[in-house]
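Only one structure is covered here, and it is reproduced in the block below.
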Amino acid sequence: MTPEETRKALEHIARLGGAILFGVADLSDVEDVSGEVRLTGLTTGISFGYRLSDIVLDGIVDHPTRTYQYHYRQVNILLDQIGLRMSGHIQETGCRAFPVPSSQVVDWDRFTGHISHRAVGRLAGLGWIGRNNLLVSPDYGSRVRYASVLTDLALPYDRPIEWGCGTCRECISACPGGAIGESLAQFDLQKCIETMDRIKKPANIGSRICGLCVKACSGKGQG
Ligand code: B12
Ligand code: SF4
Ligand code: SF4
């Protein structure tokens with residue numbers, strides 16, 4: 001198979017599994033962020049995203065709902081399964097592949113996963129990092145969850161796209177904790193965490209989720 005054909009086969013696996021977005025990033029300039037597993041040499045990052053249900057998101061008014069929590073968990077499982085299928089396929093070609101879990105925290109002091117799906121998705125041309133600190137797809141905004149597969153398989157790469165928030169400020173007013181500012185540099189992670197811990201309580205939700213800046217950002221026509 002040529003690299004183009006292999007890429008097509010992997011995109012087919014992702015789309016059959018339910019992914020709506022697919023892109024490939026050149027990670028050769030990205031620092032090795034190995035945690036529990038060795039990621040050295042895996043310089044191709046395959047990014048794929050599942051579009052969240054608008055109906056579920058629209059049900060979130062001022063705090064996360066139990067339906068959103070259920071949806072979030074199921075989407076993580078779906079993304080992990082797509083990553084597993086692609087990795088299995090890649091290993092059969094004799095290359096290495098690591099399906100990066102959709103939502104696993106590896107370092108609890110720094111609050112980081114194996115690699116940032118937002119960073120891989122941006123380098124794969126799927127969107128830009130918005131004022132809300134999330135990956136924003138031009139078509140679906142932040143209403144997408146992502147996962148990645150890291151591999152040493154050579155594939156044709158995509159390129160990052162331009163930052164597109166423009167004059168939009170929807171997420172700033174939607175955040176109940178004032179965590180989002182004019183620029184990404186002003187994003188206040190500590191405020192975000194405190195706010196999530198406060199607003200998830202009334203709904204008796206254990207996971208640290210919120211959904212308001214996800215819901216606020218629909219991408220189209222905002223940039
Ligand atoms: C731990 C974690 C958290 C922690 C905080 C982590 C952190 N340090 O930011 C907590 C629990 C607070 C959290 C909160 C949320 N999270 Co969270 N989280 C993760 C997790 C598991 C790891 C993130 C990580 O490693 N961060 C480390 C830092 C260094 O990386 P980063 O912030 O992701 O990426 C930055 C850099 O790479 C840099 N960068 C990269 N390229 C470029 C280029 C330029 C030009 C610039 C300026 C910067 C830049 O900017 C990126 C964004 O700040 C990821 C899954 C994953 N493996 O990525 C999900 C993930 C980031 N979370 C996600 C979501 C949706 C949320 C919440 C909305 C909760 C919810 N589900 O309702 C909030 C959003 C808060 C916010 N607005 O950022 C999604 C984001 C999807 C998207 N569309 O972007 C992810 C990717 C999970 C998924 N499978 O989709 N999360
Ligand atoms: S997750 Fe909630 S608290 Fe955090 S930035 Fe988004 S809207 Fe604000
Ligand atoms: S809601 Fe608007 S300002 Fe906020 S991240 Fe999305 S496009 Fe950017």
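Naming works like this for the structure tokens: A, B, ... for the chains as they're shown, residue 1 at the start of each chain, ligands 1 onward in shown order.
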
>> Using only C-alpha atoms and all ligand atoms, which residues of the polymer chains come no farther than 12 Å from ligand 3? I'd like the answer as a PyMOL selection string.
In response: chain A and resi 127-144+163-175+179-184+187+212-223

Using only C-alpha atoms and all ligand atoms, tabulate the residues of chain A lying at most 7 Å from any atom of ligand 1, each with its closest atom pair and that distance in Å to one decimal, by chain and increasing residue number, as JSON lines.
{"residue": "A:Tyr72", "atom": "CA", "partner": "ligand 1", "partner_atom_place_in_ligand_line": "71 (N)", "distance": 6.7}
{"residue": "A:Asn76", "atom": "CA", "partner": "ligand 1", "partner_atom_place_in_ligand_line": "89 (N)", "distance": 6.3}
{"residue": "A:Pro101", "atom": "CA", "partner": "ligand 1", "partner_atom_place_in_ligand_line": "57 (N)", "distance": 6.8}
{"residue": "A:Ser102", "atom": "CA", "partner": "ligand 1", "partner_atom_place_in_ligand_line": "89 (N)", "distance": 4.0}
{"residue": "A:Ser103", "atom": "CA", "partner": "ligand 1", "partner_atom_place_in_ligand_line": "21 (C)", "distance": 4.2}
{"residue": "A:Gln104", "atom": "CA", "partner": "ligand 1", "partner_atom_place_in_ligand_line": "21 (C)", "distance": 5.0}
{"residue": "A:Val105", "atom": "CA", "partner": "ligand 1", "partner_atom_place_in_ligand_line": "21 (C)", "distance": 4.8}
{"residue": "A:Arg110", "atom": "CA", "partner": "ligand 1", "partner_atom_place_in_ligand_line": "8 (N)", "distance": 6.6}
{"residue": "A:Phe111", "atom": "CA", "partner": "ligand 1", "partner_atom_place_in_ligand_line": "1 (C)", "distance": 4.6}
{"residue": "A:Thr112", "atom": "CA", "partner": "ligand 1", "partner_atom_place_in_ligand_line": "25 (O)", "distance": 3.2}
{"residue": "A:Gly113", "atom": "CA", "partner": "ligand 1", "partner_atom_place_in_ligand_line": "25 (O)", "distance": 3.9}
{"residue": "A:His114", "atom": "CA", "partner": "ligand 1", "partner_atom_place_in_ligand_line": "57 (N)", "distance": 5.8}
{"residue": "A:Ile115", "atom": "CA", "partner": "ligand 1", "partner_atom_place_in_ligand_line": "57 (N)", "distance": 5.2}
{"residue": "A:Ser116", "atom": "CA", "partner": "ligand 1", "partner_atom_place_in_ligand_line": "58 (O)", "distance": 3.5}
{"residue": "A:His117", "atom": "CA", "partner": "ligand 1", "partner_atom_place_in_ligand_line": "58 (O)", "distance": 3.8}
{"residue": "A:Arg118", "atom": "CA", "partner": "ligand 1", "partner_atom_place_in_ligand_line": "33 (O)", "distance": 5.1}
{"residue": "A:Ala119", "atom": "CA", "partner": "ligand 1", "partner_atom_place_in_ligand_line": "40 (C)", "distance": 4.0}
{"residue": "A:Arg122", "atom": "CA", "partner": "ligand 1", "partner_atom_place_in_ligand_line": "41 (N)", "distance": 6.2}
{"residue": "A:Ile129", "atom": "CA", "partner": "ligand 1", "partner_atom_place_in_ligand_line": "52 (C)", "distance": 5.8}
{"residue": "A:Asn132", "atom": "CA", "partner": "ligand 1", "partner_atom_place_in_ligand_line": "77 (N)", "distance": 4.8}
{"residue": "A:Asn133", "atom": "CA", "partner": "ligand 1", "partner_atom_place_in_ligand_line": "78 (O)", "distance": 4.5}
{"residue": "A:Leu134", "atom": "CA", "partner": "ligand 1", "partner_atom_place_in_ligand_line": "84 (O)", "distance": 3.5}
{"residue": "A:Leu135", "atom": "CA", "partner": "ligand 1", "partner_atom_place_in_ligand_line": "84 (O)", "distance": 3.7}
{"residue": "A:Val136", "atom": "CA", "partner": "ligand 1", "partner_atom_place_in_ligand_line": "83 (N)", "distance": 6.0}
{"residue": "A:Ser142", "atom": "CA", "partner": "ligand 1", "partner_atom_place_in_ligand_line": "83 (N)", "distance": 4.3}
{"residue": "A:Arg143", "atom": "CA", "partner": "ligand 1", "partner_atom_place_in_ligand_line": "83 (N)", "distance": 6.1}
{"residue": "A:Val144", "atom": "CA", "partner": "ligand 1", "partner_atom_place_in_ligand_line": "83 (N)", "distance": 5.0}
{"residue": "A:Arg145", "atom": "CA", "partner": "ligand 1", "partner_atom_place_in_ligand_line": "90 (O)", "distance": 3.4}
{"residue": "A:Tyr146", "atom": "CA", "partner": "ligand 1", "partner_atom_place_in_ligand_line": "90 (O)", "distance": 3.9}
{"residue": "A:Ala147", "atom": "CA", "partner": "ligand 1", "partner_atom_place_in_ligand_line": "89 (N)", "distance": 5.3}
{"residue": "A:Leu184", "atom": "CA", "partner": "ligand 1", "partner_atom_place_in_ligand_line": "47 (C)", "distance": 6.6}
{"residue": "A:Leu189", "atom": "CA", "partner": "ligand 1", "partner_atom_place_in_ligand_line": "12 (C)", "distance": 6.6}
{"residue": "A:Cys192", "atom": "CA", "partner": "ligand 1", "partner_atom_place_in_ligand_line": "75 (C)", "distance": 6.4}
{"residue": "A:Ile193", "atom": "CA", "partner": "ligand 1", "partner_atom_place_in_ligand_line": "12 (C)", "distance": 5.1}
{"residue": "A:Arg208", "atom": "CA", "partner": "ligand 1", "partner_atom_place_in_ligand_line": "11 (C)", "distance": 5.4}
{"residue": "A:Ile209", "atom": "CA", "partner": "ligand 1", "partner_atom_place_in_ligand_line": "72 (O)", "distance": 3.7}
{"residue": "A:Cys210", "atom": "CA", "partner": "ligand 1", "partner_atom_place_in_ligand_line": "72 (O)", "distance": 3.9}
{"residue": "A:Gly211", "atom": "CA", "partner": "ligand 1", "partner_atom_place_in_ligand_line": "72 (O)", "distance": 3.8}
{"residue": "A:Cys213", "atom": "CA", "partner": "ligand 1", "partner_atom_place_in_ligand_line": "68 (C)", "distance": 6.4}
{"residue": "A:Val214", "atom": "CA", "partner": "ligand 1", "partner_atom_place_in_ligand_line": "68 (C)", "distance": 5.7}

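Distances here use only C-alpha atoms and all ligand atoms; by that measure, the residue among A:Gln186, A:Ser28, A:Thr195, A:Ser47 closest to ligand 2 is A:Thr195.
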
> Using only C-alpha atoms, which of A:Ser53, A:Ile90, A:Arg96, A:Asp107 sits nearest Thr67 of chain A?
Replying inline: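 Closest candidate: A:Ser53.
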
>> Restricting the calculation to only C-alpha atoms: of A:Pro64, A:Pro176, A:Gly94, A:Pro99, which residue gets closest to Asn204 of chain A?
In response: A:Pro64

> Quick one: of A:Ile199, A:Met1, A:Val24, A:Val100, who's nearest to ligand 2, counting only C-alpha atoms and all ligand atoms?
Replying inline: A:Ile199

> What are the DSSP strand (DSSP E) residues of segment 47-197 of chain A, as a ChimeraX atom specification?
Replying inline: /A:47-51,97-100,128-129,135-136,144-151

May I have a table of the residues of segment 40-98 of chain A lying at most 10 Å from segment 3-8 of chain A, giving each one's closest pair of atoms and their distance in Å to one decimal, counting only C-alpha atoms, ordered by chain and ascending residue number, as JSON lines?
{"residue": "A:Ile46", "atom": "CA", "partner": "A:Arg7", "partner_atom": "CA", "distance": 9.5}
{"residue": "A:His89", "atom": "CA", "partner": "A:Thr6", "partner_atom": "CA", "distance": 9.7}
{"residue": "A:Ile90", "atom": "CA", "partner": "A:Thr6", "partner_atom": "CA", "distance": 8.9}
{"residue": "A:Thr93", "atom": "CA", "partner": "A:Thr6", "partner_atom": "CA", "distance": 9.6}

> For ligand 2, which residue among A:Asp158, A:Arg73, A:His63, A:Leu123 is the nearest when counting only C-alpha atoms and all ligand atoms?
Replying inline: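 Among the listed residues, A:His63 lies closest to ligand 2.
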
> Could you pull out the helix (DSSP H, G or I) residues of segment 185-216 of chain A from DSSP and send them as a PyMOL selection string?
Replying inline: chain A and resi 185-186+189-199+212-216

>> My list of candidates is A:Asp62, A:Glu92, A:Glu162, A:Glu11. Which is closest to ligand 2 when distances are computed with only C-alpha atoms and all ligand atoms?
In response: A:Asp62

>> Between atom CA of Leu21 of chain A and atom CA of Ala9 of chain A, what is the distance in Å, rounded to a tenth?
In response: 14.5 Å

> Suppose you want the space between atom CA of Val149 of chain A and atom CA of Gly121 of chain A; what is it in Å?
Replying inline: 11.0 Å

> Expressed in Å to a single decimal, how great is the separation between atom CA of Thr65 of chain A and atom CA of Gln81 of chain A?
Replying inline: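 It comes out at 24.7 Å.
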